[in-house]
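Asker: Please find one structure pasted underneath; my questions will follow.
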Amino acid sequence: MNINASVPVGVLGASGYVGRELLRLLAGHPGASVVFATAEAAAGERLEGRRLVKVEDAPLARAEVVLSALPHGVSGRFVHEARAAGKRAVDLSADLRLSPEAVYGLTEVTRPRVAGAELVANPGCYPTAALLALIPLAQRGLIDPEREVVIDAASGVTGAGRNPKRELLFGEVAEDFRAYAVGNEHRHLPELKAALDRESGFVGDVVFTPHLLPVKRGILETIHVPLTRLLDQATAEGIYETVYADEPCVQVMHGALPSLKDVVYRNRVALGVAAVANVRRPRLTVIAAIDNLVKGAAGQAIQNMNVMLGLSETLGLTC
Ligand SMILES: NC(=O)c1ccc[n+]([C@@H]2O[C@H](COP(=O)([O-])OP(=O)(O)OC[C@H]3O[C@@H](n4cnc5c(N)ncnc54)[C@H](OP(=O)(O)O)[C@@H]3O)[C@@H](O)[C@H]2O)c1
């Protein structure tokens, strides 16, 4: 491939929150250019200087890579059409994340598989942060499989998409804070557990409770990890530091914990740890922060696209 040429990219679902983020990031990408962008109700409108077309009218032949930010349940069909037209694709929806036909694109963990892939399933926003926190501990046999890993996570409202919903009106969410999909009902849980098993062999219970945070973007996860042996803070930080030493998109904090301001508008997961005092059995609290629209969606998709194309992995991204 000529690395000086700009790779033509098609964006499906470009008028949504994730699609807009893809257009924003691709506008600053020196090795890629958008050749078409689709919308449903917003078809015919202009965005980033481009007229949005219906997905059925997308000129697939013009693209080398298709990035799909279509809704769950719609995306898979159009990603298959792109593949049938011979295009490489990254699906940002949940449609293919549990399917063997796609490589799961958790870049830091599955990079060699992404590099050879024609089709990548981009991970969910909550699982991306949780998996980068849990896999290093699980791979070392540090998580006690007889006790539950508990993940309490809070996401900004863009996590729910741009389609109007009454429960997401400003008057409903402002100055409030609430849990949803309680009782392990969130669709990200099977994805998270499958990836944790595949990458580390850990098959213990995970309890995942998401919350709606009245901010636009960003996720903070408080992950309670039951340990097989005592770990002090420096040792735990040292594990993450070793694993992620050469990773530009993972920030390991020292003696500090991340908050949303460490990650918003960045293609980054920030991790911090705290040893837990006054408990009978060893435990670690890991705090993980991520921008749901960047490393949790559009940014990681572009990171994966760069790897698939043999481009510098962080081209067009600010980690
Ligand atoms: N939001 C996040 O934080 C996040 C993070 C990770 C992954 N994801 C995934 O990324 C995808 C996009 O999420 P989002 O939050 O950007 O959703 P969104 O804001 O609702 O955007 C959906 C996009 O798809 C288009 N669309 C809707 N129904 C369609 C249909 N039947 N046929 C063709 N196009 C249709 C919409 O066009 P109109 O605007 O014209 O209706 C819009 O461009 C979803 O699969 C979601 O699960 C989202």
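We label chains A, B, ... in the order they appear in the structure tokens, count residues from 1 in each chain, and number ligands from 1 in the order shown.
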Just want the residues within 7 Å of ligand 1, written as a PyMOL selection string, counting only C-alpha atoms and all ligand atoms.
Answerer: chain A and resi 12-19+38-43+54-55+69-72+74-75+92-94+124-125+158-163+292-293+296-297
Asker: Give me, as a ChimeraX atom specification, all polymer residues having an atom no more than 10 Å from region 261-272 of chain A, counting only C-alpha atoms and skipping those fewer than 2 positions away in the same chain.
Answerer: /A:21,128-130,132-133,216-222,233,236-237,240-241,247-259,274,285-300,302-303,314,317-319
Asker: So that each row is one residue of region 105-166 of chain A with an atom at most 12 Å from region 176-182 of chain A, can you give its shortest atom pair and the distance in Å to one decimal, using only C-alpha atoms, rows by chain and rising number, as a tab-separated table?
Answerer:
residue	atom	partner	partner_atom	distance
A:Ile151	CA	A:Val182	CA	11.4
A:Asp152	CA	A:Ala179	CA	9.2
A:Ala153	CA	A:Ala179	CA	9.0
A:Ala154	CA	A:Ala179	CA	8.2
A:Ser155	CA	A:Ala179	CA	10.2
A:Gly156	CA	A:Phe177	CA	10.4
A:Val157	CA	A:Phe177	CA	11.1
A:Ala160	CA	A:Tyr180	CA	11.7
Asker: Per DSSP on the backbone, what are the alpha helix (DSSP H) residues of region 182-301 of chain A, as JSON, numbers by chain?
Answerer: {"A": [188, 189, 190, 191, 192, 193, 194, 195, 196, 197, 198, 199, 200, 233, 234, 235, 236, 237, 238, 239, 240, 241, 242, 243, 299, 300, 301]}
Asker: Counting only C-alpha atoms, which residue out of A:Glu45, A:Glu313, A:Asp95, A:Glu64 sits closest to Arg187 (chain A)?
Answerer: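 Closest to Arg187 (chain A) of all the choices is A:Asp95.
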Asker: Nearest to Val225 (chain A) among A:Val206, A:Val109, A:Val11, A:Ala85, with distances taken over only C-alpha atoms: which residue is it?
Answerer: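 Of A:Val206, A:Val109, A:Val11, A:Ala85, the one nearest Val225 (chain A), counting only C-alpha atoms, is A:Val206.
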Asker: Which residues come within 8 Å of Leu192 (chain A), counting only C-alpha atoms, excluding same-chain residues fewer than 4 positions away, as a PDB file with N, CA and C atoms, in the first residue's frame?
Answerer:
ATOM      1  N   PRO A 127     -16.996  -2.049  28.379  1.00  0.00           N
ATOM      2  CA  PRO A 127     -16.014  -3.145  28.392  1.00  0.00           C
ATOM      3  C   PRO A 127     -14.588  -2.709  28.098  1.00  0.00           C
ATOM      4  N   ALA A 130     -13.150  -1.559  31.392  1.00  0.00           N
ATOM      5  CA  ALA A 130     -13.107  -2.647  32.383  1.00  0.00           C
ATOM      6  C   ALA A 130     -12.087  -3.712  32.000  1.00  0.00           C
ATOM      7  N   LEU A 131     -12.030  -4.041  30.718  1.00  0.00           N
ATOM      8  CA  LEU A 131     -11.108  -5.111  30.285  1.00  0.00           C
ATOM      9  C   LEU A 131      -9.651  -4.683  30.424  1.00  0.00           C
ATOM     10  N   HIS A 188     -23.712  -5.162  27.666  1.00  0.00           N
ATOM     11  CA  HIS A 188     -22.248  -5.209  27.614  1.00  0.00           C
ATOM     12  C   HIS A 188     -21.654  -6.338  28.455  1.00  0.00           C
ATOM     13  N   LEU A 196     -13.000 -11.436  28.617  1.00  0.00           N
ATOM     14  CA  LEU A 196     -12.159 -11.716  29.795  1.00  0.00           C
ATOM     15  C   LEU A 196     -11.745 -13.193  29.795  1.00  0.00           C
TER      16      LEU A 196
END
Asker: I'd like the neighbourhood of Gly31 (chain A) as a ChimeraX atom specification, where a residue qualifies if any of its atoms comes within 10 Å (using only C-alpha atoms), though same-chain residues fewer than 4 positions away should be ignored.
Answerer: /A:3-8,26,306,311-312,315-316
Asker: Just the residues within 8 Å of Asp144 (chain A), please, counting only C-alpha atoms, with nothing from its chain fewer than 2 positions along; format it as a PyMOL selection string.
Answerer: chain A and resi 141-142+146-148+204+226-228
Asker: Could you write out that same residue set with all heavy atoms as a JSON list (two decimals), in the first residue's frame?
Answerer:
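File selection_9.json, as written:
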[["chain", "number", "residue", "atom", "x", "y", "z"],
["A", 141, "GLY", "N", -3.41, -14.51, 37.48],
["A", 141, "GLY", "CA", -4.08, -15.34, 38.50],
["A", 141, "GLY", "C", -4.34, -14.58, 39.79],
["A", 141, "GLY", "O", -4.46, -15.18, 40.87],
["A", 142, "LEU", "N", -4.46, -13.25, 39.69],
["A", 142, "LEU", "CA", -4.62, -12.44, 40.90],
["A", 142, "LEU", "C", -6.08, -12.24, 41.30],
["A", 142, "LEU", "O", -6.36, -11.74, 42.39],
["A", 142, "LEU", "CB", -3.94, -11.08, 40.70],
["A", 142, "LEU", "CG", -2.41, -11.14, 40.69],
["A", 142, "LEU", "CD1", -1.81, -9.85, 40.13],
["A", 142, "LEU", "CD2", -1.89, -11.40, 42.10],
["A", 146, "GLU", "N", -13.64, -17.33, 43.09],
["A", 146, "GLU", "CA", -14.73, -17.75, 43.99],
["A", 146, "GLU", "C", -15.51, -16.56, 44.53],
["A", 146, "GLU", "O", -16.50, -16.73, 45.22],
["A", 146, "GLU", "CB", -14.15, -18.57, 45.16],
["A", 146, "GLU", "CG", -13.44, -19.84, 44.73],
["A", 146, "GLU", "CD", -14.31, -20.73, 43.84],
["A", 146, "GLU", "OE1", -15.52, -20.84, 44.12],
["A", 146, "GLU", "OE2", -13.76, -21.27, 42.86],
["A", 147, "ARG", "N", -15.02, -15.34, 44.28],
["A", 147, "ARG", "CA", -15.74, -14.15, 44.73],
["A", 147, "ARG", "C", -16.05, -13.27, 43.51],
["A", 147, "ARG", "O", -15.39, -13.39, 42.48],
["A", 147, "ARG", "CB", -14.90, -13.37, 45.75],
["A", 147, "ARG", "CG", -14.74, -14.12, 47.06],
["A", 147, "ARG", "CD", -13.97, -13.27, 48.09],
["A", 147, "ARG", "NE", -12.55, -13.20, 47.79],
["A", 147, "ARG", "CZ", -11.75, -12.20, 48.16],
["A", 147, "ARG", "NH1", -12.25, -11.17, 48.83],
["A", 147, "ARG", "NH2", -10.48, -12.21, 47.87],
["A", 148, "GLU", "N", -17.02, -12.37, 43.62],
["A", 148, "GLU", "CA", -17.44, -11.58, 42.46],
["A", 148, "GLU", "C", -16.54, -10.38, 42.24],
["A", 148, "GLU", "O", -16.13, -9.70, 43.19],
["A", 148, "GLU", "CB", -18.87, -11.04, 42.64],
["A", 148, "GLU", "CG", -19.94, -12.09, 42.72],
["A", 148, "GLU", "CD", -20.07, -12.68, 44.11],
["A", 148, "GLU", "OE1", -19.57, -12.06, 45.06],
["A", 148, "GLU", "OE2", -20.66, -13.76, 44.25],
["A", 204, "GLY", "N", -14.86, -16.27, 36.47],
["A", 204, "GLY", "CA", -15.61, -15.99, 37.70],
["A", 204, "GLY", "C", -16.76, -15.03, 37.44],
["A", 204, "GLY", "O", -16.93, -14.50, 36.35],
["A", 226, "PRO", "N", -11.69, -8.87, 43.90],
["A", 226, "PRO", "CA", -11.29, -9.79, 44.98],
["A", 226, "PRO", "C", -9.97, -10.46, 44.58],
["A", 226, "PRO", "O", -9.88, -11.06, 43.51],
["A", 226, "PRO", "CB", -12.44, -10.81, 45.02],
["A", 226, "PRO", "CG", -13.00, -10.80, 43.63],
["A", 226, "PRO", "CD", -12.73, -9.45, 43.03],
["A", 227, "LEU", "N", -8.97, -10.35, 45.44],
["A", 227, "LEU", "CA", -7.63, -10.83, 45.07],
["A", 227, "LEU", "C", -7.34, -12.21, 45.67],
["A", 227, "LEU", "O", -7.88, -12.59, 46.72],
["A", 227, "LEU", "CB", -6.57, -9.85, 45.58],
["A", 227, "LEU", "CG", -6.59, -8.45, 44.96],
["A", 227, "LEU", "CD1", -5.59, -7.55, 45.68],
["A", 227, "LEU", "CD2", -6.26, -8.50, 43.47],
["A", 228, "THR", "N", -6.45, -12.93, 45.00],
["A", 228, "THR", "CA", -5.99, -14.21, 45.54],
["A", 228, "THR", "C", -4.87, -14.02, 46.57],
["A", 228, "THR", "O", -4.55, -14.91, 47.33],
["A", 228, "THR", "CB", -5.47, -15.12, 44.41],
["A", 228, "THR", "OG1", -4.57, -14.37, 43.60],
["A", 228, "THR", "CG2", -6.62, -15.64, 43.54]]
Asker: By how many Å are CA of Thr209 (chain A) and CA of Arg166 (chain A) apart?
Answerer: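 The value is 21.6 Å.
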Asker: Rank A:Ser68, A:Met308, A:Leu230, A:Leu22 by their smallest atom-to-atom distance to Arg111 (chain A), using only C-alpha atoms, and report the top residue only.
Answerer: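 Selected residue with least distance to Arg111 (chain A): A:Met308.
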Asker: Pick out each residue of region 12-253 of chain A that DSSP on the backbone tags as strand (DSSP E or B); I need them as a ChimeraX atom specification.
Answerer: /A:12,32-38,46-47,50-51,53,65-68,88-91,103-104,119-121,143,149-155,178-179,206-212,219-227,250-252
